[in-house]
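Data first, discussion second: the structure below is written as structure tokens.
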Amino acid sequence: MRVVSLVPSLTEAVAVTAPGLLVGVTDWCTHPADLGRQGAVRIGGTKNPDVAAVTALRPDLVVANEEENRAPDLAELRAAGLEVLVTEVRGLPQAFAELDRLLVRALGLTRPRWLDEAEEAWARVEPGRGLRAVVPVWRRPWMVLGRDTFAGDLLARLGVHNVYAGHPERYPRVPLAELAAADWDLVVLPDEPYAFTREDGPEAFPGRPAALVSGRHLTWYGPSLAEAPQVLGAALAAAAR
């Protein structure tokens with residue numbers, strides 16, 4: 001089977017489970033590091049894939065996500081006669097279900113051990129002390145996690161309550177002054193989609209605790225889920241001391 005993936009985390013899930021199956025991936029697909037050696041070519045971004053390049057690869061399946069990819073691009077791929085599997089992931093249980101649907105039911109692969117390990121790792125998680133946090137995902141303008149997000153669900157399972165979880169938007173724009181004035185214990189700054197660093201992000205919230213976390217472990221649904229509780233938990237605990 002020939003597969004094109006338009007979703008970085010699903011690219012990693014397929015490539016780790018069945019090396020060589022992928023023939024095309026996006027420019028944002030960074031894991032595993034040997035995608036090129038596996039034979040996958042780059043076909044543009046998640047929001048602007050080169051539809052002609054994807055079609056030329058003659059994939060049996062194109063893997064997409066309803067949040068990461070644009071409906072017009074997916075419609076164009078279908079119009080070209082390609083089969084497109086669109087995932088929806090708004091929480092951890094849905095992530096596990098969609099990974100099983102893709103890998104086992106759609107691709108006919110043996111359920112990978114890493115998926116079982118990820119489920120086992122999260123089943124062992126005991127929430128922490130119930131910190132309240134704001135979770136920016138972009139600046140200029142400032143945007144934060146709102147309602148119904150995968151990352152928000154992971155944080156909640158680790159004992160971190162997103163203060164904007166009840167916002168009507170999933171990724172609302174919130175002025176910095178409002179963020180700074182909100183009632184919270186911790187600001188959580190992932191390194192993607194915006195690459196927050198120790199020099200770019202914490203200074204906007206002087207004197208307030210900031211947790212710099214791995215965006216891959218917070219927002220990707222794939223093999224990284226197996227180590228995400230430990231990686232994220234350590235970063236959150238260090239900032240909250």
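Ordered as shown in the structure tokens, chains take letters A, B, and onward, while each chain numbers its residues from 1 and ligands are numbered from 1 in the order shown.
Excluding Ile43 (chain A) itself and same-chain residues fewer than 5 positions from it, the residues having an atom within 12 Å of it are A:Val4, A:Ser5, A:Leu6, A:Val7, A:Leu22, A:Val23, A:Gly24, A:Val25, A:Thr26, A:Asp27, A:Trp28, A:Cys29, A:Asn48, A:Pro49, A:Asp50, A:Val51, A:Ala52, A:Ala53, A:Val54, A:Thr55, A:Ala56, A:Leu57, A:Val62, counting only C-alpha atoms.
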Problem set entry | All residues 12 Å or closer to region 198-202 of chain A, only C-alpha atoms, same chain fewer than 4 positions away omitted, as an MDAnalysis selection string | chainID A and resid 135:140 142 176 180 186:191 194 206:213 239
Exercise. Which of these, A:Gly81, A:Gly222, A:Pro229, A:Gly44, has the shortest distance to Glu98 (chain A) once you count only C-alpha atoms?
Worked result: A:Gly222
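As for CA of Trp114 (chain A) and CA of Gly39 (chain A), they are spaced 22.7 Å apart.
Nearest to Gly215 (chain A) of all the residues A:Arg113, A:Leu154, A:Pro168, A:Phe96 is A:Leu154, based on only C-alpha atoms.
Using only C-alpha atoms for every distance, the candidate list A:Leu145, A:Leu85, A:Ala165, A:Leu158 yields A:Leu85 as the residue closest to Pro59 (chain A).
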Exercise. Can you tell me, as a ChimeraX atom specification, what residues are no more than 9 Å from Leu179 (chain A) when counting only C-alpha atoms, ignoring any on the same chain fewer than 3 positions away?
Worked result: /A:134,142,174-176,182-183,205
Same residues, C-alpha atoms, output as a compact mmCIF listing (two decimals), in the first residue's frame:
```
# COMPACT_ATOMS: atom_id res chain seq x y z
CA VAL A 134 -3.36 29.63 30.54
CA TRP A 142 -1.81 36.04 21.39
CA VAL A 174 -6.97 36.97 23.94
CA PRO A 175 -5.19 40.30 24.54
CA LEU A 176 -2.05 39.99 26.63
CA ALA A 182 -6.68 36.30 34.64
CA ASP A 183 -6.72 34.09 37.74
CA PHE A 205 4.31 37.25 32.30
```
Just the strand (DSSP E) stuff from region 45-185 of chain A, please, per backbone DSSP, written as a CSV table (one decimal) with N, CA and C atoms, in the first residue's frame.
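What ended up in selection-v2.csv:
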```csv
chain,number,residue,atom,x,y,z
A,61,LEU,N,-4.0,5.7,-0.2
A,61,LEU,CA,-4.7,6.3,0.9
A,61,LEU,C,-4.0,7.6,1.2
A,62,VAL,N,-4.8,8.7,1.4
A,62,VAL,CA,-4.3,10.0,1.9
A,62,VAL,C,-4.8,10.1,3.3
A,63,VAL,N,-4.0,10.4,4.3
A,63,VAL,CA,-4.3,10.5,5.7
A,63,VAL,C,-4.4,12.0,6.1
A,64,ALA,N,-5.5,12.4,6.6
A,64,ALA,CA,-5.7,13.8,6.9
A,64,ALA,C,-6.4,14.0,8.3
A,65,ASN,N,-6.6,15.2,8.7
A,65,ASN,CA,-7.2,15.5,10.0
A,65,ASN,C,-8.1,16.8,9.8
A,84,VAL,N,-9.4,9.5,0.8
A,84,VAL,CA,-8.9,10.3,1.9
A,84,VAL,C,-9.6,9.9,3.2
A,85,LEU,N,-8.8,9.5,4.2
A,85,LEU,CA,-9.2,9.2,5.5
A,85,LEU,C,-9.0,10.4,6.4
A,86,VAL,N,-10.1,11.0,6.9
A,86,VAL,CA,-10.0,12.2,7.7
A,86,VAL,C,-10.3,11.8,9.2
A,87,THR,N,-9.3,12.1,10.0
A,87,THR,CA,-9.4,11.8,11.5
A,87,THR,C,-10.0,13.0,12.2
A,131,LEU,N,-3.7,22.6,39.3
A,131,LEU,CA,-3.2,24.0,38.9
A,131,LEU,C,-4.1,24.6,37.9
A,132,ARG,N,-4.3,25.9,37.9
A,132,ARG,CA,-5.0,26.6,36.9
A,132,ARG,C,-4.0,27.3,36.0
A,133,ALA,N,-4.2,27.1,34.7
A,133,ALA,CA,-3.2,27.6,33.7
A,133,ALA,C,-3.8,28.3,32.5
A,134,VAL,N,-3.1,29.1,31.9
A,134,VAL,CA,-3.4,29.6,30.5
A,134,VAL,C,-2.3,29.0,29.6
A,136,PRO,N,-0.9,29.6,26.0
A,136,PRO,CA,-0.8,30.2,24.7
A,136,PRO,C,-0.2,29.2,23.6
A,137,VAL,N,-0.7,29.4,22.4
A,137,VAL,CA,-0.2,28.6,21.3
A,137,VAL,C,0.3,29.5,20.2
A,138,TRP,N,0.2,30.8,20.4
A,138,TRP,CA,0.7,31.8,19.4
A,138,TRP,C,0.8,33.1,20.1
A,143,MET,N,-2.8,33.9,21.1
A,143,MET,CA,-3.9,32.9,21.0
A,143,MET,C,-3.7,31.8,22.0
A,144,VAL,N,-4.8,31.3,22.6
A,144,VAL,CA,-4.6,30.3,23.7
A,144,VAL,C,-5.5,29.1,23.4
A,160,VAL,N,-4.0,19.8,35.4
A,160,VAL,CA,-3.9,21.3,35.0
A,160,VAL,C,-5.1,21.7,34.3
A,161,HIS,N,-5.8,22.6,34.9
A,161,HIS,CA,-7.1,23.1,34.4
A,161,HIS,C,-6.9,24.4,33.5
A,162,ASN,N,-7.3,24.3,32.3
A,162,ASN,CA,-7.2,25.4,31.4
A,162,ASN,C,-8.3,26.4,31.7
```
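Using only C-alpha atoms for every distance, the candidate list A:Thr197, A:Arg78, A:Ala97, A:Pro223 yields A:Pro223 as the residue closest to Pro8 (chain A).
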For this session: Tell me which protein, DNA and RNA residues are within 12 Å of Trp122 (chain A), counting only C-alpha atoms, leaving out same-chain ones fewer than 5 positions away, and put them as a ChimeraX atom specification.
Result: /A:92-93,96,115-117,127,153-158,224-230,232-233
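Distance-wise, CA of Ala13 (chain A) and CA of Pro172 (chain A) end up 29.0 Å apart.
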For this session: From region 6-85 of chain A, collect each residue whose DSSP state is alpha helix (DSSP H) and return the set as a list in words.
Result: Pro8, Ser9, Leu10, Thr11, Glu12, Ala13, Val14, Ala15, Val16, Thr17, Val51, Ala52, Ala53, Val54, Thr55, Ala56, Ala71, Pro72, Asp73, Leu74, Ala75, Glu76, Leu77, Arg78 and Ala79 of chain A
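Interatomic distance, CA of Gly91 (chain A) to CA of Tyr171 (chain A): 15.1 Å.
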Seminar exercise, completed: Counting only C-alpha atoms, the residue among A:Pro72, A:Pro112, A:Gly146, A:Gly159 that lies closest to Ala237 (chain A) is A:Gly159
